[in-house]
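Raw contents of input.csv, CSV, C-alpha atoms and all ligand atoms:
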chain,number,residue,atom,x,y,z
Z,1,MET,CA,107.6,209.7,198.2
Z,2,PRO,CA,107.1,207.1,200.9
Z,3,ARG,CA,106.4,208.1,204.5
Z,4,VAL,CA,109.3,207.8,206.9
Z,5,GLU,CA,107.2,205.7,209.3
Z,6,ASP,CA,106.3,203.2,206.6
Z,7,VAL,CA,109.9,202.9,205.6
Z,8,LEU,CA,111.1,202.5,209.2
Z,9,ARG,CA,108.6,199.7,209.6
Z,10,GLN,CA,109.7,197.9,206.5
Z,11,TRP,CA,113.4,198.6,206.8
Z,12,GLY,CA,114.5,195.9,209.1
Z,13,GLY,CA,117.6,197.8,210.2
Z,14,GLU,CA,118.9,198.3,213.7
Z,15,PHE,CA,118.6,202.1,214.2
Z,16,ALA,CA,119.0,205.5,212.7
Z,17,LEU,CA,120.3,208.6,214.4
Z,18,THR,CA,119.2,212.1,213.4
Z,19,ALA,CA,120.3,215.6,214.2
Z,20,TYR,CA,120.1,219.1,212.9
Z,21,ASP,CA,123.3,221.2,212.6
Z,22,GLU,CA,122.2,224.8,213.1
Z,23,PRO,CA,125.2,226.7,211.7
Z,24,SER,CA,125.2,224.8,208.4
Z,25,GLY,CA,121.5,224.1,208.2
Z,26,ALA,CA,122.3,220.5,207.5
Z,27,TYR,CA,120.3,217.5,208.7
Z,28,MET,CA,122.6,214.7,209.9
Z,29,PHE,CA,121.7,211.0,209.7
Z,30,ILE,CA,123.6,207.9,210.7
Z,31,ALA,CA,121.8,204.6,209.9
Z,32,ILE,CA,123.0,201.3,211.2
Z,33,HIS,CA,121.3,198.5,209.3
Z,34,SER,CA,123.1,195.5,210.6
Z,35,THR,CA,126.0,194.6,213.0
Z,36,ARG,CA,125.5,190.9,212.6
Z,37,LEU,CA,128.8,190.3,210.7
Z,38,GLY,CA,130.7,193.2,212.4
Z,39,PRO,CA,130.5,196.9,213.1
Z,40,GLY,CA,128.2,198.7,210.7
Z,41,ALA,CA,130.4,200.3,208.1
Z,42,GLY,CA,129.6,202.7,205.3
Z,43,GLY,CA,130.6,206.0,203.9
Z,44,THR,CA,129.5,209.6,204.7
Z,45,ARG,CA,127.5,211.1,201.9
Z,46,MET,CA,127.1,214.8,201.5
Z,47,LYS,CA,124.3,215.8,199.3
Z,48,THR,CA,121.3,218.1,198.9
Z,49,TYR,CA,117.9,216.5,199.0
Z,50,ALA,CA,114.4,217.7,198.2
Z,51,THR,CA,113.4,217.2,201.9
Z,52,PRO,CA,115.3,216.1,205.0
Z,53,ALA,CA,113.2,212.9,205.0
Z,54,ASP,CA,114.6,212.0,201.6
Z,55,GLY,CA,118.1,212.2,203.2
Z,56,LEU,CA,117.1,209.9,206.0
Z,57,LEU,CA,115.5,207.4,203.6
Z,58,ASP,CA,118.6,207.4,201.5
Z,59,ALA,CA,120.8,206.8,204.5
Z,60,MET,CA,118.7,203.8,205.5
Z,61,ARG,CA,118.6,202.3,202.1
Z,62,LEU,CA,122.3,202.8,201.5
Z,63,ALA,CA,123.0,201.2,204.9
Z,64,GLU,CA,121.0,198.2,203.9
Z,65,ALA,CA,123.0,198.0,200.7
Z,66,MET,CA,126.2,198.1,202.8
Z,67,THR,CA,125.0,195.0,204.8
Z,68,LEU,CA,124.5,193.1,201.5
Z,69,LYS,CA,127.8,194.4,200.1
Z,70,MET,CA,129.9,193.3,203.1
Z,71,ALA,CA,128.2,189.9,203.3
Z,72,VAL,CA,128.7,189.1,199.6
Z,73,ALA,CA,132.3,190.4,199.7
Z,74,GLY,CA,133.0,188.2,202.7
Z,75,LEU,CA,134.2,191.1,204.8
Z,76,PRO,CA,133.8,191.1,208.6
Z,77,MET,CA,131.6,194.2,208.7
Z,78,GLY,CA,128.0,195.1,208.9
Z,79,GLY,CA,126.1,197.8,207.1
Z,80,GLY,CA,125.7,201.4,207.9
Z,81,LYS,CA,125.7,204.8,206.2
Z,82,SER,CA,125.8,208.5,207.0
Z,83,VAL,CA,124.1,211.3,205.1
Z,84,LEU,CA,124.8,214.9,205.7
Z,85,ALA,CA,121.9,216.5,203.9
Z,86,VAL,CA,123.2,220.0,203.2
Z,87,PRO,CA,121.1,222.9,202.0
Z,88,GLY,CA,123.7,223.7,199.3
Z,89,GLU,CA,127.4,224.3,198.9
Z,90,LEU,CA,129.0,225.2,202.3
Z,91,ASP,CA,131.9,227.5,202.9
Z,92,PRO,CA,135.0,225.7,204.0
Z,93,ASP,CA,134.7,226.6,207.7
Z,94,THR,CA,131.1,225.7,208.0
Z,95,ARG,CA,131.7,222.4,206.1
Z,96,ARG,CA,134.6,221.6,208.4
Z,97,ASN,CA,132.6,222.2,211.6
Z,98,LEU,CA,129.8,220.1,210.3
Z,99,LEU,CA,132.2,217.3,209.7
Z,100,LEU,CA,133.6,217.7,213.2
Z,101,ARG,CA,130.2,217.5,214.7
Z,102,HIS,CA,129.4,214.4,212.6
Z,103,ALA,CA,132.7,212.9,213.8
Z,104,HIS,CA,131.6,213.5,217.4
Z,105,ASN,CA,128.3,211.6,216.7
Z,106,VAL,CA,130.3,208.7,215.0
Z,107,HIS,CA,132.5,208.6,218.0
Z,108,MET,CA,129.6,208.2,220.4
Z,109,LEU,CA,128.8,204.9,218.7
Z,110,GLY,CA,132.0,203.6,220.1
Z,111,GLY,CA,133.3,201.8,217.0
Z,112,ASN,CA,130.0,200.0,216.3
Z,113,TYR,CA,129.8,202.3,213.2
Z,114,ARG,CA,132.8,203.0,211.0
Z,115,THR,CA,132.6,205.5,208.3
Z,116,GLY,CA,134.6,206.3,205.2
Z,117,PRO,CA,134.4,208.4,202.0
Z,118,ASP,CA,131.4,208.5,199.8
Z,119,MET,CA,129.8,210.9,197.4
Z,120,ASN,CA,131.2,214.4,197.9
Z,121,THR,CA,133.5,213.4,200.8
Z,122,ASN,CA,137.2,212.4,200.4
Z,123,SER,CA,140.3,211.4,202.2
Z,124,ALA,CA,140.9,215.0,203.4
Z,125,ASP,CA,137.5,214.9,205.0
Z,126,MET,CA,138.3,211.6,206.7
Z,127,ASP,CA,141.5,213.2,208.1
Z,128,THR,CA,139.2,215.9,209.6
Z,129,LEU,CA,136.9,213.2,211.1
Z,130,CYS,CA,140.0,211.5,212.6
Z,131,GLU,CA,140.8,214.7,214.6
Z,132,VAL,CA,137.8,213.6,216.7
Z,133,THR,CA,137.3,209.8,216.2
Z,134,PRO,CA,139.4,206.9,215.0
Z,135,TRP,CA,136.4,205.3,213.4
Z,136,ALA,CA,136.9,206.6,209.8
Z,137,PHE,CA,138.4,204.5,207.0
Z,138,GLY,CA,140.1,206.2,204.0
Z,139,ARG,CA,142.3,208.8,205.6
Z,140,SER,CA,145.0,210.1,203.4
Z,141,VAL,CA,148.2,208.0,203.2
Z,142,ASP,CA,150.2,210.7,204.9
Z,143,ASN,CA,147.9,210.5,207.8
Z,144,GLY,CA,148.2,206.8,208.2
Z,145,GLY,CA,145.1,205.8,206.1
Z,146,SER,CA,144.8,203.8,202.8
Z,147,GLY,CA,143.8,206.9,200.8
Z,148,SER,CA,141.0,207.2,198.4
Z,149,SER,CA,139.0,204.0,197.7
Z,150,ALA,CA,137.5,205.4,194.5
Z,151,PRO,CA,140.2,204.0,192.1
Z,152,ASP,CA,139.8,200.5,193.5
Z,153,THR,CA,136.0,200.8,193.3
Z,154,ALA,CA,136.6,201.5,189.6
Z,155,VAL,CA,138.9,198.5,189.3
Z,156,GLY,CA,136.2,196.3,190.9
Z,157,VAL,CA,133.5,197.7,188.5
Z,158,PHE,CA,135.8,197.0,185.6
Z,159,HIS,CA,136.2,193.4,186.5
Z,160,GLY,CA,132.5,193.2,187.0
Z,161,ILE,CA,131.8,194.6,183.5
Z,162,VAL,CA,134.3,192.1,182.0
Z,163,ALA,CA,132.5,189.2,183.7
Z,164,SER,CA,129.1,190.6,182.7
Z,165,VAL,CA,130.1,190.9,179.0
Z,166,GLY,CA,131.5,187.4,179.2
Z,167,HIS,CA,128.2,186.1,180.4
Z,168,ALA,CA,126.1,188.0,178.0
Z,169,TYR,CA,128.2,187.6,174.8
Z,170,GLY,CA,130.2,184.5,175.5
Z,171,SER,CA,133.5,186.4,175.3
Z,172,GLU,CA,135.1,188.8,177.8
Z,173,ASP,CA,136.7,190.9,175.2
Z,174,LEU,CA,135.6,194.5,175.5
Z,175,ALA,CA,137.1,195.6,172.2
Z,176,GLY,CA,134.4,197.5,170.3
Z,177,LYS,CA,131.8,197.1,173.0
Z,178,ARG,CA,129.8,200.3,173.6
Z,179,VAL,CA,129.9,201.2,177.3
Z,180,LEU,CA,128.0,204.2,178.6
Z,181,VAL,CA,129.4,205.6,181.8
Z,182,GLN,CA,126.9,207.9,183.6
Z,183,GLY,CA,128.8,210.1,186.1
Z,184,VAL,CA,132.5,210.6,185.6
Z,185,GLY,CA,133.6,211.6,189.1
Z,186,ALA,CA,136.1,209.9,191.4
Z,187,VAL,CA,135.0,206.4,190.3
Z,188,GLY,CA,133.6,207.0,186.8
Z,189,GLU,CA,136.7,208.7,185.5
Z,190,PRO,CA,139.3,206.0,186.3
Z,191,LEU,CA,136.7,203.5,185.0
Z,192,VAL,CA,136.5,205.3,181.7
Z,193,GLU,CA,140.3,205.2,181.5
Z,194,MET,CA,140.4,201.4,182.0
Z,195,LEU,CA,137.6,200.8,179.5
Z,196,VAL,CA,139.3,202.9,176.8
Z,197,LYS,CA,142.5,201.0,177.4
Z,198,ALA,CA,140.6,197.7,176.9
Z,199,GLY,CA,139.4,198.9,173.5
Z,200,ALA,CA,135.8,199.7,174.4
Z,201,HIS,CA,133.9,202.4,172.6
Z,202,VAL,CA,133.2,204.7,175.7
Z,203,ILE,CA,130.3,207.1,175.9
Z,204,VAL,CA,130.2,209.5,178.9
Z,205,SER,CA,127.6,211.7,180.5
Z,206,ASP,CA,127.7,214.0,183.5
Z,207,VAL,CA,125.6,216.8,185.0
Z,208,THR,CA,128.9,218.7,185.5
Z,209,LEU,CA,130.0,219.8,182.0
Z,210,ASP,CA,133.7,220.4,182.9
Z,211,ARG,CA,134.1,216.7,183.7
Z,212,VAL,CA,132.9,215.4,180.3
Z,213,GLU,CA,134.8,218.1,178.5
Z,214,SER,CA,138.1,217.2,180.0
Z,215,LEU,CA,137.6,213.5,179.2
Z,216,TYR,CA,136.5,214.4,175.6
Z,217,ASP,CA,139.7,216.4,175.2
Z,218,ARG,CA,141.9,213.8,176.8
Z,219,LEU,CA,140.5,210.5,175.5
Z,220,GLY,CA,138.2,211.4,172.7
Z,221,VAL,CA,135.2,209.6,174.2
Z,222,GLU,CA,131.7,210.2,172.9
Z,223,VAL,CA,129.5,212.4,175.0
Z,224,VAL,CA,125.7,212.3,175.5
Z,225,ALA,CA,123.5,214.7,177.4
Z,226,PRO,CA,122.3,213.6,180.8
Z,227,ALA,CA,118.7,213.5,179.6
Z,228,SER,CA,119.6,211.1,176.8
Z,229,VAL,CA,121.4,208.5,178.8
Z,230,LEU,CA,118.5,206.0,179.2
Z,231,ASP,CA,117.7,206.1,175.4
Z,232,THR,CA,121.3,205.7,174.2
Z,233,GLU,CA,122.0,202.4,172.5
Z,234,CYS,CA,124.9,200.6,174.1
Z,235,ASP,CA,126.1,197.1,175.2
Z,236,VAL,CA,126.8,198.2,178.8
Z,237,TYR,CA,125.1,201.0,180.8
Z,238,ALA,CA,127.3,201.8,183.8
Z,239,PRO,CA,125.5,204.1,186.2
Z,240,CYS,CA,128.3,205.7,188.3
Z,241,ALA,CA,126.5,208.6,189.9
Z,242,THR,CA,123.6,208.8,192.3
Z,243,GLY,CA,121.1,206.1,192.8
Z,244,GLY,CA,117.5,205.8,191.7
Z,245,VAL,CA,118.3,206.3,188.1
Z,246,ILE,CA,116.3,203.4,186.8
Z,247,GLY,CA,112.6,203.3,187.8
Z,248,PRO,CA,110.1,200.7,186.6
Z,249,GLU,CA,108.8,203.1,183.9
Z,250,ASP,CA,112.3,203.5,182.5
Z,251,ILE,CA,113.0,199.8,181.9
Z,252,PRO,CA,111.1,199.5,178.6
Z,253,ARG,CA,113.2,202.5,177.3
Z,254,LEU,CA,116.6,201.0,178.0
Z,255,ARG,CA,118.6,200.1,174.9
Z,256,CYS,CA,121.4,198.2,176.6
Z,257,ARG,CA,122.2,194.5,177.0
Z,258,ILE,CA,123.8,194.9,180.5
Z,259,VAL,CA,123.4,197.3,183.4
Z,260,ALA,CA,126.7,197.2,185.4
Z,261,GLY,CA,128.0,200.3,187.3
Z,262,ALA,CA,129.3,201.7,190.5
Z,263,ALA,CA,126.2,203.6,191.8
Z,264,ASN,CA,124.7,202.4,195.0
Z,265,ASN,CA,120.9,201.6,194.6
Z,266,PRO,CA,120.6,202.4,190.9
Z,267,LEU,CA,117.2,200.8,190.8
Z,268,SER,CA,114.5,202.9,192.5
Z,269,GLN,CA,113.3,199.6,194.0
Z,270,ARG,CA,115.3,196.4,194.4
Z,271,SER,CA,112.4,194.3,193.1
Z,272,ASP,CA,112.9,195.9,189.7
Z,273,GLY,CA,115.7,193.4,189.1
Z,274,GLU,CA,112.9,191.1,188.0
Z,275,LEU,CA,111.7,193.6,185.4
Z,276,LEU,CA,115.2,193.8,184.0
Z,277,ARG,CA,115.4,190.0,183.7
Z,278,GLU,CA,112.1,190.0,181.8
Z,279,ALA,CA,113.4,192.7,179.5
Z,280,GLY,CA,116.4,190.5,178.7
Z,281,ILE,CA,118.9,192.9,180.4
Z,282,LEU,CA,121.7,191.4,182.5
Z,283,TYR,CA,121.9,193.3,185.7
Z,284,ALA,CA,125.0,193.3,187.9
Z,285,PRO,CA,123.7,193.9,191.4
Z,286,ASP,CA,125.1,197.1,192.7
Z,287,PHE,CA,126.2,195.7,196.1
Z,288,VAL,CA,128.3,193.1,194.3
Z,289,ILE,CA,129.9,195.1,191.6
Z,290,ASN,CA,130.7,198.2,193.6
Z,291,GLY,CA,132.3,196.4,196.6
Z,292,GLY,CA,135.8,197.4,195.5
Z,293,GLY,CA,135.9,200.4,197.8
Z,294,ALA,CA,134.9,198.3,200.8
Z,295,ILE,CA,137.5,195.7,199.9
Z,296,HIS,CA,140.2,198.4,199.6
Z,297,LEU,CA,139.3,200.2,202.9
Z,298,ILE,CA,138.6,197.2,205.1
Z,299,GLY,CA,141.2,195.0,203.5
Z,300,TYR,CA,144.0,197.5,204.1
Z,301,GLU,CA,142.9,199.2,207.3
Z,302,ALA,CA,141.0,196.5,209.3
Z,303,LEU,CA,142.5,193.2,207.9
Z,304,GLY,CA,146.1,194.3,207.2
Z,305,TRP,CA,146.0,193.0,203.6
Z,306,SER,CA,148.8,193.5,201.2
Z,307,GLN,CA,148.2,195.2,197.8
Z,308,GLN,CA,148.3,191.7,196.3
Z,309,GLU,CA,145.5,190.5,198.6
Z,310,VAL,CA,143.4,193.6,197.9
Z,311,GLU,CA,143.9,193.0,194.1
Z,312,ARG,CA,142.8,189.4,194.6
Z,313,GLY,CA,139.7,190.7,196.3
Z,314,LEU,CA,138.9,193.0,193.4
Z,315,VAL,CA,139.3,190.2,190.8
Z,316,GLY,CA,136.9,188.2,193.0
Z,317,ILE,CA,134.1,190.6,192.2
Z,318,GLY,CA,134.1,189.3,188.6
Z,319,THR,CA,134.2,185.7,189.9
Z,320,THR,CA,131.3,186.3,192.3
Z,321,LEU,CA,129.2,187.9,189.6
Z,322,SER,CA,129.8,185.0,187.2
Z,323,ARG,CA,128.6,182.7,190.0
Z,324,ILE,CA,125.5,184.8,190.7
Z,325,TYR,CA,124.7,184.8,186.9
Z,326,ALA,CA,125.0,181.0,186.8
Z,327,ASP,CA,122.9,180.7,190.0
Z,328,ALA,CA,120.2,183.0,188.5
Z,329,ASP,CA,120.1,181.1,185.3
Z,330,ALA,CA,119.8,177.8,187.0
Z,331,ALA,CA,117.1,178.9,189.4
Z,332,GLY,CA,115.2,181.0,186.8
Z,333,ILE,CA,115.4,184.0,189.0
Z,334,SER,CA,116.7,187.6,188.7
Z,335,THR,CA,120.4,188.3,189.3
Z,336,GLU,CA,119.3,190.6,192.1
Z,337,GLU,CA,117.4,187.8,193.8
Z,338,ALA,CA,120.4,185.4,193.3
Z,339,ALA,CA,122.7,188.0,194.9
Z,340,GLU,CA,120.4,188.7,197.8
Z,341,ARG,CA,120.2,184.9,198.4
Z,342,LEU,CA,124.0,184.7,198.5
Z,343,ALA,CA,124.1,187.6,201.0
Z,344,ALA,CA,121.3,186.1,203.1
Z,345,ALA,CA,123.2,182.8,203.3
Z,346,ARG,CA,126.4,184.6,204.4
Z,347,LEU,CA,124.4,186.5,207.0
Z,348,ALA,CA,122.7,183.4,208.3
Z,349,GLU,CA,125.9,181.5,208.7
Z,350,GLY,CA,127.7,184.6,210.1
Z,351,ARG,CA,128.6,184.8,213.7
Z,352,ARG,CA,129.6,188.1,214.9
Z,353,GLY,CA,133.2,187.8,216.0
Z,354,PRO,CA,135.3,190.4,217.9
Z,355,ALA,CA,135.5,193.6,216.0
Z,356,PRO,CA,138.8,194.1,214.1
Z,357,ALA,CA,141.0,196.8,215.7
K,401,LIG,N1,131.3,204.6,200.2
K,401,LIG,C1,131.9,203.5,199.5
K,401,LIG,C2,130.9,202.4,199.3
K,401,LIG,O1,129.8,202.6,199.3
K,401,LIG,C3,133.2,203.1,200.3
K,401,LIG,C4,133.1,202.7,201.7
K,401,LIG,C5,133.0,201.3,202.0
K,401,LIG,C6,133.1,203.5,202.8
K,401,LIG,C7,133.0,200.8,203.3
K,401,LIG,C8,133.1,203.1,204.1
K,401,LIG,C9,133.0,201.7,204.3
K,401,LIG,O2,131.3,201.2,199.1

What is this file in structure tokens?
Amino acid sequence: MPRVEDVLRQWGGEFALTAYDEPSGAYMFIAIHSTRLGPGAGGTRMKTYATPADGLLDAMRLAEAMTLKMAVAGLPMGGGKSVLAVPGELDPDTRRNLLLRHAHNVHMLGGNYRTGPDMNTNSADMDTLCEVTPWAFGRSVDNGGSGSSAPDTAVGVFHGIVASVGHAYGSEDLAGKRVLVQGVGAVGEPLVEMLVKAGAHVIVSDVTLDRVESLYDRLGVEVVAPASVLDTECDVYAPCATGGVIGPEDIPRLRCRIVAGAANNPLSQRSDGELLREAGILYAPDFVINGGGAIHLIGYEALGWSQQEVERGLVGIGTTLSRIYADADAAGISTEEAAERLAAARLAEGRRGPAPA
């Protein structure tokens, strides 16, 4: 576990806010990594961590990933993220009050940070935040928002998997391809549905048993235990739950040809993209393939896009990945490195314009 001061020094982000919420026992973090391309934007994650410092580090790393995500997707936003590091499940009142206090902190940033849904927060929670501040994307449709971004995140990941299979196998046909989806929550579940429809052989895993059972009953997918995920033979391994699921020591164990999923920061360190390349595994950089949620929220709510324009943006995830794969091959570098170079170029040319309303 790295020390907070070391990470702060290496981070390169703008700032992080920290607070403690006495009634819930939650630590609250808002990390703004970059406002170079626009207001720092990124979801509010509610999660239990081993220590509060782990929550802060997660917020910082996730905010950094958002900077890269926005740059690669060509969206006029910077990178930020919030973490509400809760001690466990909260009763509804305590949870609501924690969200209201978080909303107050978001509001103090005056629109330089804009939040949205993330792991364990949803549109109803964004409605709650909007009682205090306008700076939350993803409110429910009834409340003037664009609703959940999770289904469009899944659509983007699906396009990304198709492009990755095309690059690795020379054909984009998913029929018969073994795709392992780790985590079948708000993003993983709709992804599984699309994969099944496309004829893939889908394997699912989740720490919450009810979720896999319902998919097994409904779609007849294969199920593997969470502990067996990394050792399961498949064409595509799609991590769609928390990050840090692939450490350097895990890479020799992997029995997949492609890693392409929705999870933010699936590699415990970004530099492990090189180890995946050496292992002959095609890696879809997380901040490219999981940009669908950002495209949905920012497209609809900040840029006034039509459904057709959002869909075009989601299809663009596949196109961008194909370009990154070609760049990586041509330069003899990892796909992670190629994607980071693309983001760096966008950031270098980016001039911060007026913030969208
Ligand atoms: N949390 C999602 C993501 O990481 C969706 C999101 C995007 C939320 C942009 C807020 C802003 O992409």

- Residues within 6 Å of ligand LIG 401 (chain K), counting all atoms listed in the file, as an MDAnalysis selection string: chainID Z and resid 41:43 115:118 291 293:294

- Task: Considering all atoms listed in the file, state which residue in the set Z:Thr242, Z:Thr67, Z:Thr121, Z:Thr153 is at the smallest distance from Ser268 (chain Z).
- Result: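 Under the stated criterion, the closest residue is Z:Thr242.
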
- Name the closest residue to Lys197 (chain Z) among the candidates Z:Met70, Z:Cys256, Z:Leu174, Z:Leu98; distances are taken between atoms, counting only C-alpha atoms. Z:Leu174

- Message: Need to verify the contact set: region 315-317 of chain Z, 10 Å, only C-alpha atoms, exclusion of same-chain residues closer than 2 positions in sequence. Can you return it as a VMD selection string?
- Response: chain Z and resid 72 to 73 155 to 161 163 288 to 292 295 309 to 313 319 to 323

- Any idea what's packed within 12 Å of region 209-226 of chain Z, counting only C-alpha atoms, ignoring anything in its chain fewer than 5 positions away? Could you give it as a VMD selection string? chain Z and resid 178 to 186 188 to 197 199 to 204 231 to 234 239 241 245

- Query: Do you know which residues are at most 12 Å from Asp142 (chain Z) counting all atoms listed in the file, after dropping those on the same chain fewer than 5 positions away, and could you put them as a ChimeraX atom specification?
  - Reply: /Z:123-124,127,147-148

- Task: With a distance cut-off of 12 Å and all atoms listed in the file, select the neighbouring residues of Glu22 (chain Z), excluding the residue or stretch itself and same-chain residues fewer than 4 positions from it, and output the selection as a ChimeraX atom specification.
- Result: /Z:26-28,86-87,94,97-98,101

- Which residues, written as a PyMOL selection string, have at least one atom at most 12 Å from Ala85 (chain Z), with all atoms listed in the file counted and residues fewer than 4 positions away on the same chain left out? chain Z and resi 18-21+24-30+44-59+89-90+95+98-99+102+119-120

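Closest approach to Glu336 (chain Z) among Z:Gly110, Z:Gly304, Z:Gly38, Z:Gly273: Z:Gly273, based on all atoms listed in the file.
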
- Pick the closest to Arg96 (chain Z) from Z:Val83, Z:Leu68, Z:Val132, Z:Ala262: which is it, counting all atoms listed in the file? Z:Val132

- Item | Sphere at (114.2, 198.6, 195.1), radius 10 Å, counting all atoms listed in the file: residues as a PyMOL selection string | chain Z and resi 61+244+246-248+265-273+336

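Across the structure, CA of Leu37 (chain Z) and CA of Ala302 (chain Z) are spaced 13.8 Å apart.
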
- Message: Could you tell me how far CA of Asp91 (chain Z) sits from CA of Ser205 (chain Z), in Å to one decimal place?
- Response: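 That distance, rounded to one decimal, is 27.7 Å.
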
- Query: Looking at Z:Val106, Z:Ala198, Z:Ala154, Z:Ala345, which one is nearest to Glu172 (chain Z), with distances taken over all atoms listed in the file?
  - Reply: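 Among the listed residues, Z:Ala198 lies closest to Glu172 (chain Z).
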
- From Z:Pro151, Z:Gly261, Z:Gly299, Z:Gly318, residue lying nearest Pro76 (chain Z) [all atoms listed in the file]: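 Distance minimum relative to Pro76 (chain Z) lands on Z:Gly299.
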